[in-house]
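Q: Before I ask anything, let me first share the structure, which is written out below as structure tokens.
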Amino acid sequence: MIEFLQQGDTCEIKGQLRQTEVIDLWPKRQQLFTDSTQVLDLSALEYADSAGVAFLLELICLGNCSKSTTQPRTLANPSKHLKKLIELYDLESFFLEN
């Protein structure tokens, strides 16, 4: 199960993000958080497979490609597991570490 918890300009993503969740979330991806969301906090994301990582990148692209967003959307606080995938796929530039 995956949850999106909006708190101001941050949305905390909680749970596991695997291909099965991505398939369910894909049609709803533009409604998962508000247009003012600037940070997707991954500190409570327990697991993500490669489909989950691709989905996270799509989520930040939605915000960064939108004309209504003034600042780029970023991903923050990846877990150890997610950091390994980030390094494997050379995606460090999409993530902030806090």
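All residue names refer to the structure tokens as shown: chains lettered A, B, ... in order, residues numbered from 1 in each chain, ligands numbered from 1 in order.
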Can you pull out every residue within 12 Å of Lys28 in chain A, counting only C-alpha atoms, but drop anything in the same chain fewer than 4 positions away, and send it as a compact mmCIF listing (two decimals) with C-alpha atoms, in the first residue's frame?

A:
```
# COMPACT_ATOMS: atom_id res chain seq x y z
CA PHE A 4 0.55 10.45 -0.28
CA GLU A 21 1.20 0.22 -7.35
CA VAL A 22 2.52 2.17 -10.34
CA ILE A 23 -0.04 0.52 -12.63
CA ASP A 24 -2.84 1.54 -10.23
CA LEU A 32 -1.75 12.69 -6.05
CA PHE A 33 -0.72 16.06 -4.57
CA PHE A 55 7.21 6.78 -11.49
CA LEU A 59 5.97 12.86 -10.68
```

Q: So that I can see what lies close to Thr37 in chain A, please list as a PyMOL selection string the residues with an atom at most 7 Å from it, counting only C-alpha atoms and leaving out residues fewer than 5 positions away in the same chain.

A: chain A and resi 9-11

Q: How would the residues just picked look written out with N, CA and C atoms as an mmCIF file, in the first residue's frame?

A:
```cif
data_model
loop_
_atom_site.group_PDB
_atom_site.id
_atom_site.type_symbol
_atom_site.label_atom_id
_atom_site.label_comp_id
_atom_site.auth_asym_id
_atom_site.auth_seq_id
_atom_site.Cartn_x
_atom_site.Cartn_y
_atom_site.Cartn_z
ATOM 1 N N ASP A 9 3.900 22.611 1.361
ATOM 2 C CA ASP A 9 4.478 22.422 0.029
ATOM 3 C C ASP A 9 5.237 21.099 -0.097
ATOM 4 N N THR A 10 5.075 20.218 0.911
ATOM 5 C CA THR A 10 5.727 18.910 0.910
ATOM 6 C C THR A 10 4.680 17.808 0.900
ATOM 7 N N CYS A 11 4.958 16.765 0.145
ATOM 8 C CA CYS A 11 4.104 15.580 0.142
ATOM 9 C C CYS A 11 4.958 14.391 0.550
#
```
